[in-house]
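Participant: Take a look at entry-v2.tsv, TSV, C-alpha atoms and all ligand atoms:
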chain	number	residue	atom	x	y	z
Y	4	MET	CA	43.15	40.76	69.29
Y	5	THR	CA	44.39	39.46	65.95
Y	6	ASP	CA	47.70	37.71	65.43
Y	7	SER	CA	49.10	40.75	63.64
Y	8	VAL	CA	48.68	42.78	66.84
Y	9	HIS	CA	50.78	40.19	68.67
Y	10	LEU	CA	53.52	40.06	66.05
Y	11	PRO	CA	55.84	42.75	67.43
Y	12	GLU	CA	55.52	41.20	70.88
Y	13	GLN	CA	56.27	37.69	69.59
Y	14	ALA	CA	59.35	38.94	67.73
Y	15	ALA	CA	60.46	40.80	70.85
Y	16	VAL	CA	60.05	37.69	73.02
Y	17	ARG	CA	62.07	35.63	70.52
Y	18	GLY	CA	64.80	38.30	70.60
Y	19	LEU	CA	64.78	38.27	74.38
Y	20	LEU	CA	65.06	34.48	74.52
Y	21	ARG	CA	68.04	34.68	72.13
Y	22	ALA	CA	69.74	37.34	74.27
Y	23	VAL	CA	69.13	35.36	77.47
Y	24	GLY	CA	70.50	32.20	75.81
Y	25	GLU	CA	73.63	34.09	74.78
Y	26	ALA	CA	74.14	35.43	78.30
Y	27	LEU	CA	73.66	31.97	79.79
Y	28	GLY	CA	75.90	30.28	77.22
Y	29	GLY	CA	73.14	27.89	76.04
Y	30	PRO	CA	69.44	27.82	75.20
Y	31	VAL	CA	66.89	28.75	77.84
Y	32	PRO	CA	65.50	25.48	79.30
Y	33	ARG	CA	62.17	24.54	77.70
Y	34	GLU	CA	60.03	25.01	80.83
Y	35	TRP	CA	61.27	28.58	81.35
Y	36	ARG	CA	61.10	29.35	77.62
Y	37	GLU	CA	57.41	28.43	77.70
Y	38	ALA	CA	56.85	30.55	80.80
Y	39	ILE	CA	58.57	33.60	79.25
Y	40	LYS	CA	56.44	33.25	76.11
Y	41	ALA	CA	53.26	32.95	78.16
Y	42	VAL	CA	54.04	35.86	80.52
Y	43	PRO	CA	54.96	38.96	78.47
Y	44	ARG	CA	57.43	41.07	80.47
Y	45	HIS	CA	56.02	44.42	79.26
Y	46	ASN	CA	52.69	43.64	80.95
Y	47	PHE	CA	54.50	43.86	84.30
Y	48	LEU	CA	56.14	47.24	83.76
Y	49	PRO	CA	54.61	50.55	84.88
Y	50	GLU	CA	54.15	53.34	82.31
Y	51	ARG	CA	57.18	55.17	83.76
Y	52	ILE	CA	60.47	53.32	83.95
Y	53	TRP	CA	64.03	54.59	84.49
Y	54	LEU	CA	66.99	53.59	82.34
Y	55	ALA	CA	70.67	54.07	83.15
Y	56	ASP	CA	72.59	56.34	80.78
Y	57	ASP	CA	76.30	55.96	79.90
Y	58	SER	CA	77.42	57.66	83.11
Y	59	GLY	CA	75.20	55.43	85.25
Y	60	ASP	CA	72.63	58.15	85.98
Y	61	TYR	CA	68.94	57.24	85.70
Y	62	GLU	CA	66.59	58.91	83.24
Y	63	ALA	CA	62.83	58.45	83.13
Y	64	CYS	CA	61.30	56.84	80.04
Y	65	ASP	CA	57.51	57.04	79.68
Y	66	LEU	CA	55.38	54.67	77.63
Y	67	PRO	CA	53.04	57.33	76.19
Y	68	THR	CA	55.86	59.60	74.94
Y	69	ALA	CA	58.70	57.12	74.29
Y	70	HIS	CA	56.98	53.90	73.27
Y	71	ASP	CA	59.87	52.39	71.30
Y	72	CYS	CA	62.44	53.05	74.03
Y	73	TRP	CA	60.04	51.68	76.69
Y	74	PHE	CA	59.12	48.57	74.69
Y	75	GLY	CA	62.76	48.00	73.70
Y	76	ALA	CA	63.81	48.03	77.36
Y	77	ALA	CA	61.02	45.58	78.25
Y	78	TYR	CA	62.49	43.02	75.84
Y	79	ALA	CA	66.21	43.70	76.26
Y	80	ASP	CA	68.36	41.65	78.61
Y	81	VAL	CA	68.72	44.60	80.98
Y	82	PRO	CA	67.34	45.51	84.39
Y	83	VAL	CA	64.46	48.00	84.20
Y	84	VAL	CA	64.10	50.34	87.16
Y	85	THR	CA	60.42	50.67	88.04
Y	86	GLN	CA	60.64	52.80	91.19
Y	87	VAL	CA	63.20	55.31	92.47
Y	88	ASN	CA	63.88	56.72	95.95
Y	89	ASP	CA	61.37	54.38	97.62
Y	90	GLY	CA	58.66	56.22	95.67
Y	91	GLN	CA	59.61	59.68	97.05
Y	92	GLU	CA	60.30	62.78	94.93
Y	93	SER	CA	64.01	63.51	94.46
Y	94	PRO	CA	66.15	65.30	91.87
Y	95	ASP	CA	68.76	62.54	92.22
Y	96	PRO	CA	67.08	59.21	91.43
Y	97	TRP	CA	68.45	55.93	92.74
Y	98	PRO	CA	66.75	52.60	92.08
Y	99	SER	CA	64.52	51.13	94.78
Y	100	SER	CA	62.55	48.59	92.72
Y	101	SER	CA	63.11	46.99	89.35
Y	102	ALA	CA	62.40	44.19	86.94
Y	103	SER	CA	65.64	42.24	87.20
Y	104	THR	CA	67.79	41.40	84.16
Y	105	PRO	CA	65.98	38.51	82.38
Y	106	SER	CA	69.11	36.32	82.08
Y	107	VAL	CA	69.71	36.76	85.83
Y	108	VAL	CA	66.07	35.85	86.51
Y	109	VAL	CA	66.38	32.69	84.39
Y	110	ARG	CA	69.71	31.73	85.93
Y	111	MET	CA	68.22	32.03	89.41
Y	112	LEU	CA	65.13	30.05	88.40
Y	113	CYS	CA	67.40	27.29	87.06
Y	114	ASP	CA	69.50	27.37	90.27
Y	115	LEU	CA	66.31	27.15	92.28
Y	116	ASP	CA	65.58	23.78	90.66
Y	117	VAL	CA	61.80	23.81	91.12
Y	118	ARG	CA	59.61	20.87	90.20
Y	119	PRO	CA	55.81	20.55	89.87
Y	120	GLY	CA	54.07	20.44	93.23
Y	121	MET	CA	56.71	22.52	95.03
Y	122	ARG	CA	55.76	25.52	97.15
Y	123	VAL	CA	57.83	28.67	96.71
Y	124	LEU	CA	58.16	31.86	98.71
Y	125	GLU	CA	59.67	34.81	96.85
Y	126	ILE	CA	61.07	37.80	98.74
Y	127	GLY	CA	60.96	41.10	96.81
Y	128	THR	CA	57.96	40.91	94.45
Y	129	GLY	CA	58.94	44.03	92.48
Y	130	THR	CA	56.99	43.97	89.21
Y	131	GLY	CA	55.71	40.46	89.87
Y	132	TRP	CA	57.28	39.07	86.66
Y	133	ASN	CA	59.43	36.49	88.47
Y	134	ALA	CA	56.44	35.44	90.60
Y	135	ALA	CA	54.39	35.13	87.40
Y	136	LEU	CA	57.01	32.86	85.79
Y	137	LEU	CA	56.99	30.69	88.92
Y	138	ALA	CA	53.18	30.71	89.04
Y	139	HIS	CA	53.01	29.66	85.38
Y	140	ARG	CA	55.29	26.72	86.14
Y	141	LEU	CA	53.97	25.65	89.56
Y	142	GLY	CA	50.45	27.04	89.70
Y	143	PRO	CA	49.55	30.34	91.43
Y	144	GLU	CA	48.39	28.45	94.53
Y	145	ASN	CA	51.99	27.30	95.13
Y	146	VAL	CA	53.61	30.74	94.98
Y	147	VAL	CA	53.68	33.45	97.65
Y	148	SER	CA	55.64	36.68	97.25
Y	149	VAL	CA	56.45	39.34	99.86
Y	150	GLU	CA	57.08	42.99	98.93
Y	151	ILE	CA	57.87	45.73	101.44
Y	152	ASP	CA	56.60	48.68	99.39
Y	153	PRO	CA	52.79	49.01	99.42
Y	154	ASP	CA	52.54	50.73	96.00
Y	155	VAL	CA	54.86	48.19	94.38
Y	156	ALA	CA	52.96	45.30	96.00
Y	157	ARG	CA	49.60	46.70	94.81
Y	158	GLN	CA	50.82	47.09	91.23
Y	159	ALA	CA	52.37	43.58	91.17
Y	160	ARG	CA	49.17	42.05	92.54
Y	161	ALA	CA	47.14	43.76	89.79
Y	162	SER	CA	49.57	42.62	87.04
Y	163	LEU	CA	49.52	39.03	88.31
Y	164	TYR	CA	45.71	38.96	88.37
Y	165	ALA	CA	45.51	40.52	84.91
Y	166	ALA	CA	47.79	37.74	83.66
Y	167	GLY	CA	45.53	35.12	85.26
Y	168	LEU	CA	48.37	34.13	87.59
Y	169	GLY	CA	47.13	35.52	90.89
Y	170	ALA	CA	49.79	34.28	93.28
Y	171	ASP	CA	49.51	35.69	96.80
Y	172	VAL	CA	51.35	39.01	97.15
Y	173	ILE	CA	51.91	39.98	100.77
Y	174	CYS	CA	52.96	43.50	101.74
Y	175	GLY	CA	55.48	43.24	104.56
Y	176	ASP	CA	59.11	42.79	105.53
Y	177	GLY	CA	60.43	39.77	103.66
Y	178	ALA	CA	62.93	39.17	106.46
Y	179	ASP	CA	60.00	37.68	108.37
Y	180	GLY	CA	59.13	35.32	105.50
Y	181	TRP	CA	55.43	34.41	105.51
Y	182	ARG	CA	54.75	31.94	108.27
Y	183	ARG	CA	51.08	31.37	107.45
Y	184	ARG	CA	51.86	29.36	104.30
Y	185	ALA	CA	55.09	27.67	105.52
Y	186	PRO	CA	56.82	25.29	105.07
Y	187	TYR	CA	58.20	26.08	101.61
Y	188	ASP	CA	60.30	23.86	99.38
Y	189	ARG	CA	62.12	26.90	98.04
Y	190	ILE	CA	62.68	30.45	99.23
Y	191	VAL	CA	64.10	32.81	96.62
Y	192	SER	CA	65.02	36.39	97.37
Y	193	THR	CA	65.37	39.02	94.67
Y	194	CYS	CA	66.86	41.57	97.03
Y	195	SER	CA	70.31	40.96	98.50
Y	196	VAL	CA	71.06	40.32	102.18
Y	197	ARG	CA	74.02	40.73	104.52
Y	198	ARG	CA	72.55	38.31	107.03
Y	199	VAL	CA	70.28	35.39	106.15
Y	200	PRO	CA	67.05	35.96	108.13
Y	201	ARG	CA	66.44	33.16	110.61
Y	202	ALA	CA	62.76	33.02	109.55
Y	203	TRP	CA	63.78	31.82	106.08
Y	204	ILE	CA	65.53	28.76	107.51
Y	205	GLU	CA	62.66	28.06	109.93
Y	206	GLN	CA	60.07	28.29	107.15
Y	207	THR	CA	61.89	26.01	104.69
Y	208	ALA	CA	61.10	22.28	104.72
Y	209	PRO	CA	64.10	20.03	105.51
Y	210	GLY	CA	65.97	19.39	102.26
Y	211	GLY	CA	64.59	22.65	100.84
Y	212	VAL	CA	66.64	25.44	99.32
Y	213	VAL	CA	67.13	29.13	100.13
Y	214	LEU	CA	68.58	31.15	97.24
Y	215	THR	CA	69.58	34.75	97.79
Y	216	PRO	CA	71.85	37.40	96.32
Y	217	TRP	CA	74.57	38.37	98.79
Y	218	ASP	CA	75.78	41.76	99.89
Y	219	SER	CA	78.63	42.84	102.10
Y	220	PRO	CA	79.34	46.46	102.95
Y	221	MET	CA	82.40	46.06	100.65
Y	222	ILE	CA	80.53	44.80	97.56
Y	223	CYS	CA	77.15	43.46	96.43
Y	224	TRP	CA	78.07	40.34	94.51
Y	225	GLY	CA	77.52	36.63	94.83
Y	226	LEU	CA	74.52	34.34	94.90
Y	227	LEU	CA	74.15	32.12	97.96
Y	228	ARG	CA	72.40	28.74	97.68
Y	229	LEU	CA	71.69	27.12	101.06
Y	230	THR	CA	70.21	23.69	101.69
Y	231	VAL	CA	68.23	23.41	104.91
Y	232	GLY	CA	68.98	20.39	107.11
Y	233	LEU	CA	66.73	18.31	109.36
Y	234	ASP	CA	68.01	20.24	112.40
Y	235	ARG	CA	67.03	23.55	110.68
Y	236	THR	CA	70.61	24.61	110.17
Y	237	ALA	CA	71.48	25.53	106.59
Y	238	GLN	CA	74.63	25.27	104.56
Y	239	GLY	CA	75.71	26.08	101.02
Y	240	ARG	CA	78.03	27.86	98.64
Y	241	PHE	CA	78.26	31.15	96.79
Y	242	GLY	CA	78.35	31.63	93.04
Y	243	PRO	CA	79.31	34.77	91.13
Y	244	HIS	CA	76.50	37.15	90.36
Y	245	SER	CA	75.54	40.66	89.44
Y	246	ALA	CA	74.34	43.19	91.98
Y	247	PHE	CA	70.85	43.23	93.51
Y	248	MET	CA	69.37	46.02	95.60
Y	249	LEU	CA	69.87	45.46	99.32
Y	250	MET	CA	66.89	44.46	101.45
Y	251	ARG	CA	65.42	47.72	102.76
Y	252	THR	CA	65.47	46.54	106.36
Y	253	GLN	CA	69.21	45.79	106.18
Y	254	ARG	CA	70.14	49.11	104.50
Y	255	GLN	CA	72.55	51.58	106.07
Y	256	ASP	CA	72.99	55.08	104.73
Y	257	LEU	CA	76.58	55.98	105.65
Y	258	ARG	CA	78.57	58.89	104.17
Y	259	ILE	CA	82.25	59.22	104.88
Y	260	PHE	CA	82.37	62.98	105.66
Y	261	ARG	CA	78.90	63.21	107.21
Y	262	ASP	CA	79.02	60.18	109.50
Y	263	VAL	CA	82.59	58.96	109.95
Y	264	VAL	CA	85.46	61.43	109.62
Y	265	GLY	CA	85.43	64.23	112.21
Y	266	ASP	CA	87.43	67.49	112.19
Y	267	GLU	CA	88.75	66.61	115.66
Y	268	HIS	CA	90.15	63.23	114.56
Y	269	VAL	CA	93.95	63.00	114.65
Y	270	PRO	CA	94.95	59.99	112.55
Y	271	ASP	CA	98.20	57.97	112.60
Y	272	GLU	CA	100.23	58.44	109.45
Y	273	SER	CA	102.28	55.78	107.67
Y	274	ARG	CA	103.20	54.73	104.14
Y	275	THR	CA	102.32	51.80	101.94
Y	276	SER	CA	103.45	50.35	98.63
Y	277	PHE	CA	100.16	48.43	98.28
Y	278	ASP	CA	98.16	49.73	95.32
Y	279	PRO	CA	94.56	50.47	96.49
Y	280	ARG	CA	93.28	49.55	93.02
Y	281	GLN	CA	93.77	45.93	94.09
Y	282	VAL	CA	90.71	46.32	96.33
Y	283	THR	CA	88.56	48.73	94.29
Y	284	GLY	CA	86.73	48.95	90.96
Y	285	ASP	CA	86.81	45.78	88.87
Y	286	ALA	CA	88.72	43.74	91.48
Y	287	TRP	CA	85.42	41.86	92.08
Y	288	GLU	CA	86.84	38.64	93.47
Y	289	ALA	CA	89.26	40.39	95.85
Y	290	ARG	CA	86.49	42.68	97.09
Y	291	PHE	CA	84.11	39.76	97.55
Y	292	ALA	CA	86.69	37.80	99.58
Y	293	LEU	CA	87.65	40.86	101.65
Y	294	GLY	CA	83.99	41.60	102.26
Y	295	LEU	CA	83.54	38.13	103.77
Y	296	ARG	CA	86.76	38.27	105.79
Y	297	LEU	CA	86.52	41.81	107.13
Y	298	GLY	CA	82.76	41.88	107.79
Y	299	GLU	CA	81.50	45.32	108.68
Y	300	VAL	CA	83.96	47.30	106.56
Y	301	TRP	CA	83.09	49.49	103.57
Y	302	THR	CA	84.97	51.70	101.15
Y	303	ALA	CA	84.36	55.09	99.53
Y	304	TRP	CA	86.25	56.67	96.65
Y	305	GLU	CA	87.03	60.41	96.78
Y	306	GLU	CA	87.23	61.31	93.11
Y	307	ASP	CA	88.98	64.73	93.33
Y	308	ALA	CA	91.80	63.49	95.57
Y	309	ALA	CA	91.95	59.97	94.03
Y	310	ARG	CA	91.82	58.83	97.64
Y	311	LEU	CA	90.40	55.55	98.90
Y	312	TRP	CA	88.56	55.66	102.22
Y	313	VAL	CA	87.87	52.57	104.30
Y	314	ALA	CA	85.56	52.66	107.33
Y	315	THR	CA	83.70	50.38	109.71
Y	316	THR	CA	79.89	50.37	109.61
Y	317	ASP	CA	79.83	51.46	113.26
Y	318	ALA	CA	81.67	54.59	111.97
Y	319	ARG	CA	84.31	54.35	114.72
Y	320	SER	CA	87.37	53.47	112.61
Y	321	TRP	CA	88.54	54.82	109.27
Y	322	ALA	CA	91.58	54.83	107.01
Y	323	ALA	CA	92.48	56.82	103.90
Y	324	VAL	CA	95.09	56.00	101.26
Y	325	ASP	CA	96.48	58.67	98.92
Y	326	PRO	CA	97.90	58.00	95.45
Y	327	ASP	CA	101.43	58.74	96.79
Y	328	GLY	CA	101.10	55.88	99.33
Y	329	THR	CA	100.36	58.02	102.39
Y	330	VAL	CA	98.05	56.17	104.79
Y	331	ARG	CA	96.04	57.81	107.58
Y	332	GLN	CA	94.25	55.61	110.12
Y	333	TYR	CA	91.97	56.54	112.99
Y	334	GLY	CA	89.95	54.66	115.60
Y	335	PRO	CA	90.22	51.38	117.53
Y	336	ARG	CA	90.84	49.32	114.36
Y	337	ARG	CA	93.90	49.77	112.11
Y	338	LEU	CA	91.76	49.37	109.04
Y	339	TRP	CA	94.31	49.78	106.29
Y	340	ALA	CA	96.57	47.20	107.97
Y	341	GLU	CA	93.54	44.87	108.07
Y	342	VAL	CA	92.81	45.41	104.39
Y	343	GLU	CA	96.41	44.63	103.40
Y	344	GLU	CA	96.46	41.57	105.67
Y	345	ALA	CA	93.15	40.30	104.25
Y	346	HIS	CA	94.45	40.75	100.70
Y	347	ARG	CA	97.66	38.83	101.55
Y	348	TRP	CA	95.48	36.06	103.05
Y	349	TRP	CA	93.34	35.95	99.88
Y	350	ASP	CA	96.53	35.75	97.79
Y	351	ARG	CA	97.91	32.87	99.91
Y	352	GLN	CA	94.66	30.91	99.42
Y	353	GLY	CA	95.15	31.06	95.63
Y	354	ARG	CA	92.87	34.10	95.08
Y	355	PRO	CA	89.61	32.16	95.49
Y	356	GLY	CA	86.47	33.33	93.67
Y	357	PRO	CA	82.98	33.21	95.23
Y	358	GLU	CA	82.40	29.54	94.39
Y	359	ARG	CA	85.10	28.45	96.86
Y	360	PHE	CA	83.35	30.22	99.72
Y	361	GLY	CA	80.36	28.91	101.64
Y	362	LEU	CA	78.14	29.80	104.58
Y	363	THR	CA	76.65	27.84	107.46
Y	364	VAL	CA	73.63	29.27	109.29
Y	365	THR	CA	72.71	27.96	112.75
Y	366	PRO	CA	70.48	29.40	115.48
Y	367	ALA	CA	73.71	30.87	116.96
Y	368	GLY	CA	74.56	32.88	113.84
Y	369	GLN	CA	76.18	32.57	110.44
Y	370	GLN	CA	79.72	31.48	109.66
Y	371	VAL	CA	81.64	31.93	106.39
Y	372	TRP	CA	84.07	29.21	105.27
Y	373	LEU	CA	86.53	28.51	102.48
Y	374	ASP	CA	86.36	25.20	100.55
Y	375	ASP	CA	85.09	23.21	103.54
Y	376	PRO	CA	82.78	24.11	106.45
Y	377	SER	CA	85.62	23.30	108.88
Y	378	ARG	CA	87.83	26.08	107.40
Y	379	THR	CA	86.08	29.11	108.83
Y	380	VAL	CA	86.97	32.55	107.53
Y	381	ARG	CA	87.49	35.11	110.24
Y	382	ARG	CA	89.33	38.38	110.41
Y	383	GLY	CA	92.97	37.91	111.38
Y	384	ASP	CA	93.00	34.08	111.46
W	401	LIG	C1	65.14	43.74	92.24
W	401	LIG	S1	63.55	44.10	92.83
W	401	LIG	C2	62.65	42.59	92.60
W	401	LIG	C3	62.49	42.10	91.20
W	401	LIG	C4	61.24	41.26	91.06
W	401	LIG	N1	61.35	39.96	91.67
W	401	LIG	C5	60.71	41.17	89.65
W	401	LIG	O1	60.49	40.08	89.14
W	401	LIG	O2	60.47	42.22	89.08
W	401	LIG	C6	63.77	44.02	94.60
W	401	LIG	C7	62.48	44.26	95.35
W	401	LIG	O3	62.70	43.93	96.70
W	401	LIG	C8	61.89	44.77	97.49
W	401	LIG	N2	62.35	44.74	98.88
W	401	LIG	C9	63.39	45.41	99.44
W	401	LIG	N3	63.48	45.13	100.75
W	401	LIG	C10	62.48	44.26	101.03
W	401	LIG	C11	62.04	43.62	102.22
W	401	LIG	N4	62.64	43.84	103.39
W	401	LIG	N5	60.98	42.80	102.13
W	401	LIG	C12	60.32	42.58	100.95
W	401	LIG	N6	60.70	43.19	99.80
W	401	LIG	C13	61.75	44.01	99.83
W	401	LIG	C14	62.04	46.12	96.80
W	401	LIG	O4	61.01	47.01	97.18
W	401	LIG	C15	62.00	45.69	95.34
W	401	LIG	O5	60.70	45.77	94.83
Now, as a test, write the supplied structure out as structure tokens.
Facilitator:
Amino acid sequence: MTDSVHLPEQAAVRGLLRAVGEALGGPVPREWREAIKAVPRHNFLPERIWLADDSGDYEACDLPTAHDCWFGAAYADVPVVTQVNDGQESPDPWPSSSASTPSVVVRMLCDLDVRPGMRVLEIGTGTGWNAALLAHRLGPENVVSVEIDPDVARQARASLYAAGLGADVICGDGADGWRRRAPYDRIVSTCSVRRVPRAWIEQTAPGGVVLTPWDSPMICWGLLRLTVGLDRTAQGRFGPHSAFMLMRTQRQDLRIFRDVVGDEHVPDESRTSFDPRQVTGDAWEARFALGLRLGEVWTAWEEDAARLWVATTDARSWAAVDPDGTVRQYGPRRLWAEVEEAHRWWDRQGRPGPERFGLTVTPAGQQVWLDDPSRTVRRGD
């Protein structure tokens, strides 16, 4: 190919690097700039991608019929959905695999702090672009990536080989890590988790790092960076982050009217002056803190009634708050009282953001803390 054929791609890569730099608040570090130039993102996208419209719905965009839109998305600082509905037909597409937002990819690669000679395990191969960037930096022989979806894994493997960066792509549940090539200096997940899989700690060398997006039933937000100790416990802090799709094997498909609220339920009724908007919508930091404190509690918004529903993931307790302050609660847990109490607690602590929270993982389980590992965060403390 002549240089003129590469020109649009080179201009697009320069534009992408500028956009990523703006999002990060400074230039992309040299080593990742070189990797992004060497590993064109469009080579990792399938011919059909899905882009979110203004209302958040996903519309297909096909390379053969919408080249400019497709190519523009490949080099914009946006996530590109590459599979919907776990690859099944559906009139109502929801994302099940994607090429993550480039600035988020670069931020995570910087947080990962890799150096030549390190061995990295990635969970959630997706398109393979992130694995390719790592393979460019560390050598394909030092990168392993696990993807649960066979079609996605096959496509990523082909793209990596075509790029001359044939890192190992394993098709399996990333929660199991990949023992055969352990120990790793770094494990990076590009799907979010509610529980850190024990295998990740066991397969990380002492002093190594596990980096993963975090999810609670309340909100998917926060990036957790754990350092693994000699005794194979791990400890670290959260940072703010955008949402990542939840690990398939930790997913729960709960609907408030289908699974939780029954016609025979007779709830207690009370009133509140607490505005539910303090724990919904853009109240990211409050929702993140409440998600950590309340654990298995999720919310649902009923648009027509402007009613907030709160429920436990075991579907045994629920609460609903109306715009006029009427509260209905049902089940063994008084959920609305818990939400208000957790919000008051968050307020008393000075409304901490994710970076003040941390997590310790031991063979006995995982424990959230605030500021210091000795200040554990538990419901009702
Ligand atoms: C946001 S995408 C990954 C982006 C990708 N790293 C890239 O560079 O394009 C998340 C991926 O995680 C995969 N995934 C979900 N659950 C998984 C699991 N239990 N094990 C391995 N992969 C999983 C999804 O199929 C999806 O492809």
Participant: With only C-alpha atoms as the counted atoms, please give the residues lying no more than 6 Å from Gly334 of chain Y, apart from itself and same-chain residues fewer than 2 positions off, as a compact mmCIF listing (two decimals) with C-alpha atoms, keeping the file's coordinate frame.
Facilitator:
# COMPACT_ATOMS: atom_id res chain seq x y z
CA ARG Y 319 84.31 54.35 114.72
CA SER Y 320 87.37 53.47 112.61
CA ARG Y 336 90.84 49.32 114.36
Participant: Residues within 6 Å of ligand LIG 401 (chain W), counting only C-alpha atoms and all ligand atoms: report them as a short mmCIF file (atom, residue, chain, number, x, y, z; two decimals) with C-alpha atoms, keeping the file's coordinate frame.
Facilitator:
data_model
loop_
_atom_site.label_atom_id
_atom_site.label_comp_id
_atom_site.auth_asym_id
_atom_site.auth_seq_id
_atom_site.Cartn_x
_atom_site.Cartn_y
_atom_site.Cartn_z
CA SER Y 99 64.52 51.13 94.78
CA SER Y 100 62.55 48.59 92.72
CA SER Y 101 63.11 46.99 89.35
CA ALA Y 102 62.40 44.19 86.94
CA SER Y 103 65.64 42.24 87.20
CA ILE Y 126 61.07 37.80 98.74
CA GLY Y 127 60.96 41.10 96.81
CA THR Y 128 57.96 40.91 94.45
CA GLY Y 129 58.94 44.03 92.48
CA THR Y 130 56.99 43.97 89.21
CA GLY Y 131 55.71 40.46 89.87
CA TRP Y 132 57.28 39.07 86.66
CA ASN Y 133 59.43 36.49 88.47
CA VAL Y 149 56.45 39.34 99.86
CA GLU Y 150 57.08 42.99 98.93
CA ILE Y 151 57.87 45.73 101.44
CA ASP Y 152 56.60 48.68 99.39
CA ASP Y 176 59.11 42.79 105.53
CA GLY Y 177 60.43 39.77 103.66
CA ALA Y 178 62.93 39.17 106.46
CA THR Y 193 65.37 39.02 94.67
CA CYS Y 194 66.86 41.57 97.03
CA PHE Y 247 70.85 43.23 93.51
CA MET Y 248 69.37 46.02 95.60
CA MET Y 250 66.89 44.46 101.45
CA ARG Y 251 65.42 47.72 102.76
CA THR Y 252 65.47 46.54 106.36
#
Participant: Provide the atom CA of Gly265 of chain Y to atom CA of Ala309 of chain Y distance in Å, to one decimal place.
Facilitator: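 One can read the atom CA of Gly265 of chain Y to atom CA of Ala309 of chain Y distance as 19.8 Å.
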Participant: At what distance in Å, to one decimal, does atom CA of Leu124 of chain Y lie from atom CA of Pro376 of chain Y?
Facilitator: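 Pair atom CA of Pro376 of chain Y / atom CA of Leu124 of chain Y returns 26.9 Å.
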Participant: Y:Val155, Y:Ile259, Y:Val324, Y:Ala41: which is nearest Cys174 of chain Y, counting all atoms listed in the file?
Facilitator: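 Of Y:Val155, Y:Ile259, Y:Val324, Y:Ala41, the one nearest Cys174 of chain Y, counting all atoms listed in the file, is Y:Val155.
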Participant: Under the rule that all atoms listed in the file are counted, which of Y:Trp287, Y:Trp339, Y:Trp372, Y:Trp321 is the nearest residue to Thr275 of chain Y?
Facilitator: Y:Trp339
Participant: Show me the residues close to (48.8, 37.7, 89.9) - anything with an atom within 10 Å, counting only C-alpha atoms - and format the list as a PDB file with C-alpha atoms, in the frame of the given file.
Facilitator:
ATOM      1  CA  GLY Y 131      55.710  40.460  89.870  1.00  0.00           C
ATOM      2  CA  TRP Y 132      57.280  39.070  86.660  1.00  0.00           C
ATOM      3  CA  ALA Y 134      56.440  35.440  90.600  1.00  0.00           C
ATOM      4  CA  ALA Y 135      54.390  35.130  87.400  1.00  0.00           C
ATOM      5  CA  ALA Y 138      53.180  30.710  89.040  1.00  0.00           C
ATOM      6  CA  PRO Y 143      49.550  30.340  91.430  1.00  0.00           C
ATOM      7  CA  VAL Y 146      53.610  30.740  94.980  1.00  0.00           C
ATOM      8  CA  GLN Y 158      50.820  47.090  91.230  1.00  0.00           C
ATOM      9  CA  ALA Y 159      52.370  43.580  91.170  1.00  0.00           C
ATOM     10  CA  ARG Y 160      49.170  42.050  92.540  1.00  0.00           C
ATOM     11  CA  ALA Y 161      47.140  43.760  89.790  1.00  0.00           C
ATOM     12  CA  SER Y 162      49.570  42.620  87.040  1.00  0.00           C
ATOM     13  CA  LEU Y 163      49.520  39.030  88.310  1.00  0.00           C
ATOM     14  CA  TYR Y 164      45.710  38.960  88.370  1.00  0.00           C
ATOM     15  CA  ALA Y 165      45.510  40.520  84.910  1.00  0.00           C
ATOM     16  CA  ALA Y 166      47.790  37.740  83.660  1.00  0.00           C
ATOM     17  CA  GLY Y 167      45.530  35.120  85.260  1.00  0.00           C
ATOM     18  CA  LEU Y 168      48.370  34.130  87.590  1.00  0.00           C
ATOM     19  CA  GLY Y 169      47.130  35.520  90.890  1.00  0.00           C
ATOM     20  CA  ALA Y 170      49.790  34.280  93.280  1.00  0.00           C
ATOM     21  CA  ASP Y 171      49.510  35.690  96.800  1.00  0.00           C
ATOM     22  CA  VAL Y 172      51.350  39.010  97.150  1.00  0.00           C
TER      23      VAL Y 172
END
Participant: Between Y:Ala14, Y:Arg36, Y:Pro98, Y:Arg261, which one has atoms that come closest to Trp53 of chain Y, using only C-alpha atoms?
Facilitator: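 Looking only at the distances to Trp53 of chain Y, the closest residue turns out to be Y:Pro98.
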Participant: Report the distance between atom CA of Gly356 of chain Y and atom CA of Arg296 of chain Y in Å, rounded to one decimal place.
Facilitator: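 Separating atom CA of Gly356 of chain Y from atom CA of Arg296 of chain Y is a distance of 13.1 Å.
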Participant: Show which residues sit within 7 Å of Cys223 of chain Y, as a ChimeraX atom specification. Count only C-alpha atoms, and ignore same-chain residues fewer than 4 positions away.
Facilitator: /Y:217-219,246-247
Participant: Show me the residues close to (90.9, 52.4, 114.4) - anything with an atom within 12 Å, counting all atoms listed in the file - and format the list as number ranges by chain.
Facilitator: Y: 263-264, 268-271, 300, 313-315, 317-323, 331-341
Participant: Which residue out of Y:Val108, Y:Leu227, Y:Leu115, Y:Ala15 has the minimum interatomic distance to Gly242 of chain Y when all atoms listed in the file are used?
Facilitator: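 Ranking Y:Val108, Y:Leu227, Y:Leu115, Y:Ala15 by distance to Gly242 of chain Y, first place goes to Y:Leu227.
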Participant: Counting all atoms listed in the file, what is within 10 Å of Glu205 of chain Y, bar same-chain residues fewer than 4 positions away, as a ChimeraX atom specification?
Facilitator: /Y:180,182,185-187,200-201,209,231,234-237,366
Participant: Taking only C-alpha atoms into account, name the residue in Y:Leu19, Y:Val109, Y:Val87, Y:Ile190 that is nearest to Ala202 of chain Y.
Facilitator: Y:Ile190
